[in-house]
>>> print(open('start-v7.tsv').read())   # TSV, C-alpha atoms
chain	number	residue	atom	x	y	z
C	1	MET	CA	124.70	120.28	118.89
C	2	SER	CA	121.02	121.03	119.14
C	3	MET	CA	118.94	119.39	121.87
C	4	PHE	CA	116.14	118.90	119.32
C	5	LYS	CA	116.56	117.84	115.69
C	6	ILE	CA	114.35	116.10	113.17
C	7	PRO	CA	116.07	113.19	111.42
C	8	ILE	CA	113.38	112.65	108.79
C	9	ILE	CA	115.63	110.75	106.40
C	10	GLY	CA	117.14	108.59	109.17
C	11	ASN	CA	113.70	107.67	110.49
C	12	LEU	CA	112.45	106.65	107.06
C	13	VAL	CA	115.56	104.57	106.42
C	14	GLU	CA	115.20	102.86	109.82
C	15	SER	CA	111.52	102.13	109.16
C	16	LEU	CA	112.25	100.66	105.75
C	17	ALA	CA	115.13	98.58	107.14
C	18	ALA	CA	112.77	97.21	109.80
C	19	GLU	CA	110.74	95.56	107.04
C	20	PHE	CA	113.74	93.33	106.29
C	21	LYS	CA	114.76	92.51	109.87
C	22	ASP	CA	113.56	89.48	111.78
C	23	LYS	CA	110.34	90.28	113.58
C	24	VAL	CA	109.90	89.83	117.32
C	25	LYS	CA	106.40	89.01	118.50
C	26	PRO	CA	105.49	90.81	121.71
C	27	VAL	CA	104.39	88.79	124.72
C	28	PRO	CA	101.71	89.92	127.19
C	29	GLY	CA	103.26	92.69	129.27
C	30	SER	CA	105.73	93.80	126.57
C	31	VAL	CA	106.48	97.49	126.11
C	32	LEU	CA	105.75	98.76	122.61
C	33	LYS	CA	106.67	102.04	120.95
C	34	CYS	CA	106.00	103.99	117.76
C	35	ASP	CA	107.55	107.22	116.55
C	36	LEU	CA	106.21	110.69	117.20
C	37	ALA	CA	107.10	113.77	115.17
C	38	LEU	CA	109.11	111.72	112.68
C	39	GLY	CA	111.27	110.25	115.46
C	40	ALA	CA	112.87	113.57	116.35
C	41	ASP	CA	115.83	113.33	118.74
C	42	PHE	CA	115.05	114.92	122.08
C	43	MET	CA	117.10	114.97	125.28
C	44	GLY	CA	119.03	111.77	124.61
C	45	GLY	CA	116.23	109.75	123.04
C	46	SER	CA	113.74	109.89	120.24
C	47	LEU	CA	110.24	111.25	120.54
C	48	CYS	CA	108.03	108.21	120.69
C	49	HIS	CA	104.81	106.90	122.16
C	50	THR	CA	104.89	103.85	124.46
C	51	GLY	CA	102.28	101.42	125.73
C	52	ILE	CA	101.82	97.91	127.09
C	53	TYR	CA	100.84	94.88	125.01
C	54	LEU	CA	98.10	92.73	126.59
C	55	GLY	CA	97.95	89.97	123.97
C	56	ASN	CA	95.27	89.31	121.34
C	57	ASP	CA	96.26	92.50	119.48
C	58	GLU	CA	95.32	94.70	122.48
C	59	ILE	CA	97.56	97.53	123.69
C	60	VAL	CA	97.02	99.78	126.70
C	61	GLU	CA	98.09	103.39	126.25
C	62	ILE	CA	97.55	106.72	127.97
C	63	THR	CA	96.56	109.73	125.90
C	64	ASN	CA	95.70	113.36	126.41
C	65	GLU	CA	91.99	114.00	125.95
C	66	GLY	CA	91.19	117.61	126.67
C	67	GLY	CA	93.87	117.88	129.34
C	68	LYS	CA	92.76	114.66	131.05
C	69	ALA	CA	94.83	111.49	131.04
C	70	LYS	CA	92.77	108.72	129.47
C	71	VAL	CA	93.85	105.10	129.57
C	72	ASN	CA	92.60	103.20	126.52
C	73	VAL	CA	92.79	99.68	125.18
C	74	VAL	CA	93.46	99.97	121.45
C	75	ASP	CA	94.40	97.73	118.56
C	76	PRO	CA	97.83	98.01	116.89
C	77	SER	CA	96.50	100.21	114.09
C	78	ASP	CA	95.07	102.75	116.53
C	79	PHE	CA	98.27	102.65	118.60
C	80	LEU	CA	100.31	103.40	115.48
C	81	ASN	CA	98.12	106.21	114.15
C	82	GLY	CA	96.78	107.75	117.35
C	83	GLN	CA	93.24	106.51	116.76
C	84	GLY	CA	93.20	108.76	113.73
C	85	THR	CA	93.41	111.92	115.84
C	86	ASN	CA	97.09	112.30	116.63
C	87	PHE	CA	99.09	113.83	113.80
C	88	LEU	CA	102.32	113.44	115.81
C	89	ARG	CA	102.32	109.65	115.47
C	90	THR	CA	104.29	109.38	112.29
C	91	GLY	CA	105.85	105.96	112.65
C	92	ILE	CA	105.58	103.26	110.08
C	93	ASN	CA	106.30	100.38	112.48
C	94	ILE	CA	105.62	99.30	116.04
C	95	TYR	CA	108.70	98.17	117.97
C	96	VAL	CA	108.94	95.91	121.05
C	97	ALA	CA	111.51	96.22	123.84
C	98	THR	CA	113.83	93.20	123.89
C	99	ASP	CA	116.65	91.95	126.10
C	100	GLY	CA	119.24	92.77	123.45
C	101	GLY	CA	119.23	89.15	122.30
C	102	GLY	CA	115.95	89.25	120.43
C	103	CYS	CA	113.64	88.07	123.23
C	104	ALA	CA	110.67	90.32	123.98
C	105	LEU	CA	110.66	91.64	127.53
C	106	GLY	CA	107.30	91.28	129.25
C	107	SER	CA	105.42	89.56	132.04
C	108	SER	CA	101.87	88.81	133.09
C	109	ARG	CA	102.45	91.09	136.10
C	110	VAL	CA	103.03	94.07	133.77
C	111	ALA	CA	99.99	93.18	131.65
C	112	THR	CA	97.82	92.86	134.78
C	113	ARG	CA	98.84	96.32	135.99
C	114	ALA	CA	98.13	97.84	132.57
C	115	ARG	CA	94.70	96.19	132.36
C	116	ALA	CA	93.85	97.43	135.86
C	117	PHE	CA	94.68	101.00	134.83
C	118	ALA	CA	92.57	100.57	131.68
C	119	GLU	CA	89.59	99.45	133.77
C	120	LEU	CA	89.86	102.69	135.76
C	121	GLY	CA	89.84	104.63	132.49
C	122	ARG	CA	91.19	107.98	133.67
C	123	ARG	CA	94.37	108.80	135.50
C	124	GLY	CA	94.19	112.47	136.57
C	125	THR	CA	95.40	115.40	134.55
C	126	TYR	CA	97.59	114.67	131.53
C	127	ASP	CA	100.96	116.38	131.91
C	128	LEU	CA	103.65	116.26	129.25
C	129	MET	CA	106.35	115.93	131.91
C	130	ASP	CA	104.82	114.05	134.84
C	131	ASN	CA	101.81	112.05	133.58
C	132	ASN	CA	102.54	111.00	130.01
C	133	CYS	CA	102.81	107.70	128.13
C	134	HIS	CA	106.33	107.03	129.46
C	135	THR	CA	105.41	107.57	133.12
C	136	PHE	CA	102.37	105.33	132.56
C	137	THR	CA	104.50	102.61	130.93
C	138	ILE	CA	107.08	102.80	133.72
C	139	ARG	CA	104.29	102.51	136.35
C	140	CYS	CA	103.09	99.35	134.63
C	141	VAL	CA	106.62	97.89	134.43
C	142	THR	CA	107.75	98.73	137.97
C	143	GLY	CA	104.49	98.95	139.90
C	144	GLU	CA	105.69	102.29	141.28
C	145	GLU	CA	105.06	105.95	140.49
C	146	ALA	CA	107.82	107.65	138.51
C	147	THR	CA	109.86	109.95	140.74
C	148	ASP	CA	110.75	112.53	138.09
C	149	ALA	CA	109.87	113.53	134.54
C	150	LYS	CA	110.13	110.77	131.94
C	151	LEU	CA	110.51	112.09	128.42
C	152	SER	CA	111.86	109.38	126.11
C	153	GLU	CA	112.33	105.68	125.55
C	154	ARG	CA	115.67	105.97	127.39
C	155	ASP	CA	113.73	106.40	130.66
C	156	VAL	CA	111.58	103.37	129.80
C	157	GLU	CA	114.70	101.34	128.94
C	158	LYS	CA	116.21	102.13	132.35
C	159	ALA	CA	113.06	100.86	134.10
C	160	LEU	CA	113.04	97.71	131.95
C	161	LYS	CA	116.71	96.98	132.73
C	162	GLU	CA	116.02	97.21	136.45
C	163	ALA	CA	112.73	95.27	136.37
C	164	PHE	CA	113.98	92.43	134.14
C	165	GLY	CA	117.64	92.40	135.22
C	166	CYS	CA	119.04	92.77	131.73
C	167	ALA	CA	122.13	94.74	130.78
C	168	ARG	CA	120.79	95.97	127.46
C	169	VAL	CA	117.41	96.87	125.95
C	170	THR	CA	116.90	97.12	122.21
C	171	TRP	CA	113.82	97.97	120.16
C	172	GLU	CA	113.00	95.43	117.49
C	173	PRO	CA	110.28	95.53	114.84
C	174	THR	CA	107.17	93.52	115.66
C	175	GLY	CA	106.03	93.04	112.12
C	176	PHE	CA	103.06	95.31	112.68
C	177	SER	CA	103.31	98.23	110.32
C	178	THR	CA	101.11	100.46	108.25
C	179	ILE	CA	100.69	97.55	105.83
C	180	SER	CA	99.88	94.67	108.21
C	181	CYS	CA	96.80	94.10	110.33
C	182	SER	CA	97.90	92.04	113.31
C	183	PHE	CA	100.86	90.89	115.33
C	184	ASP	CA	99.65	87.42	114.40
C	185	ASP	CA	100.04	87.95	110.63
C	186	ASP	CA	102.27	85.36	109.01
C	187	ASP	CA	105.10	86.85	106.97
>>> encode(input="start-v7.tsv", output="structure tokens")
Amino acid sequence: MSMFKIPIIGNLVESLAAEFKDKVKPVPGSVLKCDLALGADFMGGSLCHTGIYLGNDEIVEITNEGGKAKVNVVDPSDFLNGQGTNFLRTGINIYVATDGGGCALGSSRVATRARAFAELGRRGTYDLMDNNCHTFTIRCVTGEEATDAKLSERDVEKALKEAFGCARVTWEPTGFSTISCSFDDDD
């Protein structure tokens, strides 16, 4: 079995199925994700981009800008499409981490940490292994620096389980997709 494969058909089917599932509205401090590179499987998880929801359709993310880590506050559309500059963001939907029972995981403490990082703007050199969106998200969730490379949503899920004391983390569609404009849209 290959360590890296591109499940293009599976990703499209999952994205289409998400349109028919119940939507979970993120709460301030929720972890959000969207697919990268068509949701390719990589080292036990899918390639995805993660960030922290602040509320009012604001998401804090870290991106690579010329080798520098830049923390930005973006709207859901920019989170989903990489502010128009990131061809790797190929998702159709934004997903929120839940407790496995359909309740969005999040807290004001997580949102406060994310906003504080956004106010600083930069966070050193961007590094695909040690200073990426997942290490940023985990820092916001735990309040601590990641101790080793974080490469997929599986690493984020582990941090969420520990921080929120839940046995299971699932990713549920938020209702924000390439065809909606806000988490607050009524379906």
>>> closest_residue(input="start-v7.tsv", among="C:Cys166, C:Cys140, C:Ala114, C:Leu128", to="Leu54 in chain C", atoms="only C-alpha atoms")
C:Ala114
>>> axis_aligned_box(input="start-v7.tsv", around="range 100-115 of chain C", padding_each_side="8 Å", output="AutoDock Vina command-line options")
--center_x 107.0 --center_y 93.0 --center_z 128.3 --size_x 40.5 --size_y 25.8 --size_z 31.7
>>> closest_residue(input="start-v7.tsv", among="C:Arg168, C:Lys23, C:His134, C:Lys70", to="Gly121 in chain C", atoms="only C-alpha atoms")
C:Lys70
>>> atom_distance(input="start-v7.tsv", atom1="CA of Tyr53 in chain C", atom2="CA of Asp148 in chain C")
24.1 Å
>>> residues_around(input="start-v7.tsv", residues="Ala118 in chain C", least_positions_apart="4", cutoff="8 Å", atoms="all atoms listed in the file", output="PDB file with C-alpha atoms, in the coordinates of the input")
ATOM      1  CA  VAL C  60      97.020  99.780 126.700  1.00  0.00           C
ATOM      2  CA  VAL C  71      93.850 105.100 129.570  1.00  0.00           C
ATOM      3  CA  ASN C  72      92.600 103.200 126.520  1.00  0.00           C
ATOM      4  CA  VAL C  73      92.790  99.680 125.180  1.00  0.00           C
ATOM      5  CA  ALA C 114      98.130  97.840 132.570  1.00  0.00           C
ATOM      6  CA  ARG C 122      91.190 107.980 133.670  1.00  0.00           C
TER       7      ARG C 122
END
>>> atom_distance(input="start-v7.tsv", atom1="CA of Pro76 in chain C", atom2="CA of Pro173 in chain C")
12.9 Å
>>> residues_around(input="start-v7.tsv", residues="Asn131 in chain C", least_positions_apart="3", cutoff="10 Å", atoms="all atoms listed in the file", output="ChimeraX atom specification")
/C:62-64,68-69,123-128,134-136,145-146,149-150
>>> write_last_selection(input="start-v7.tsv", atoms="C-alpha atoms", output="compact mmCIF listing (two decimals), in the frame of the given file")
# COMPACT_ATOMS: atom_id res chain seq x y z
CA ILE C 62 97.55 106.72 127.97
CA THR C 63 96.56 109.73 125.90
CA ASN C 64 95.70 113.36 126.41
CA LYS C 68 92.76 114.66 131.05
CA ALA C 69 94.83 111.49 131.04
CA ARG C 123 94.37 108.80 135.50
CA GLY C 124 94.19 112.47 136.57
CA THR C 125 95.40 115.40 134.55
CA TYR C 126 97.59 114.67 131.53
CA ASP C 127 100.96 116.38 131.91
CA LEU C 128 103.65 116.26 129.25
CA HIS C 134 106.33 107.03 129.46
CA THR C 135 105.41 107.57 133.12
CA PHE C 136 102.37 105.33 132.56
CA GLU C 145 105.06 105.95 140.49
CA ALA C 146 107.82 107.65 138.51
CA ALA C 149 109.87 113.53 134.54
CA LYS C 150 110.13 110.77 131.94
>>> closest_residue(input="start-v7.tsv", among="C:Thr142, C:Thr170, C:Thr50, C:Thr98", to="Leu80 in chain C", atoms="all atoms listed in the file")
C:Thr50
>>> atom_distance(input="start-v7.tsv", atom1="CA of Val74 in chain C", atom2="CA of Gly165 in chain C")
28.8 Å
>>> residues_near_point(input="start-v7.tsv", point="(109.5, 89.8, 121.2)", cutoff="10 Å", atoms="all atoms listed in the file", output="PDB file with C-alpha atoms, in the coordinates of the input")
ATOM      1  CA  LYS C  23     110.340  90.280 113.580  1.00  0.00           C
ATOM      2  CA  VAL C  24     109.900  89.830 117.320  1.00  0.00           C
ATOM      3  CA  LYS C  25     106.400  89.010 118.500  1.00  0.00           C
ATOM      4  CA  PRO C  26     105.490  90.810 121.710  1.00  0.00           C
ATOM      5  CA  VAL C  27     104.390  88.790 124.720  1.00  0.00           C
ATOM      6  CA  PRO C  28     101.710  89.920 127.190  1.00  0.00           C
ATOM      7  CA  SER C  30     105.730  93.800 126.570  1.00  0.00           C
ATOM      8  CA  VAL C  31     106.480  97.490 126.110  1.00  0.00           C
ATOM      9  CA  LEU C  32     105.750  98.760 122.610  1.00  0.00           C
ATOM     10  CA  TYR C  95     108.700  98.170 117.970  1.00  0.00           C
ATOM     11  CA  VAL C  96     108.940  95.910 121.050  1.00  0.00           C
ATOM     12  CA  ALA C  97     111.510  96.220 123.840  1.00  0.00           C
ATOM     13  CA  THR C  98     113.830  93.200 123.890  1.00  0.00           C
ATOM     14  CA  ASP C  99     116.650  91.950 126.100  1.00  0.00           C
ATOM     15  CA  GLY C 101     119.230  89.150 122.300  1.00  0.00           C
ATOM     16  CA  GLY C 102     115.950  89.250 120.430  1.00  0.00           C
ATOM     17  CA  CYS C 103     113.640  88.070 123.230  1.00  0.00           C
ATOM     18  CA  ALA C 104     110.670  90.320 123.980  1.00  0.00           C
ATOM     19  CA  LEU C 105     110.660  91.640 127.530  1.00  0.00           C
ATOM     20  CA  GLY C 106     107.300  91.280 129.250  1.00  0.00           C
ATOM     21  CA  TRP C 171     113.820  97.970 120.160  1.00  0.00           C
ATOM     22  CA  GLU C 172     113.000  95.430 117.490  1.00  0.00           C
ATOM     23  CA  PRO C 173     110.280  95.530 114.840  1.00  0.00           C
ATOM     24  CA  THR C 174     107.170  93.520 115.660  1.00  0.00           C
TER      25      THR C 174
END
>>> closest_residue(input="start-v7.tsv", among="C:Glu61, C:Asp75, C:Asp22, C:Asp35", to="Thr137 in chain C", atoms="only C-alpha atoms")
C:Glu61
>>> closest_residue(input="start-v7.tsv", among="C:Asp78, C:Gly67, C:Ala163, C:Val141", to="Ala111 in chain C", atoms="all atoms listed in the file")
C:Val141
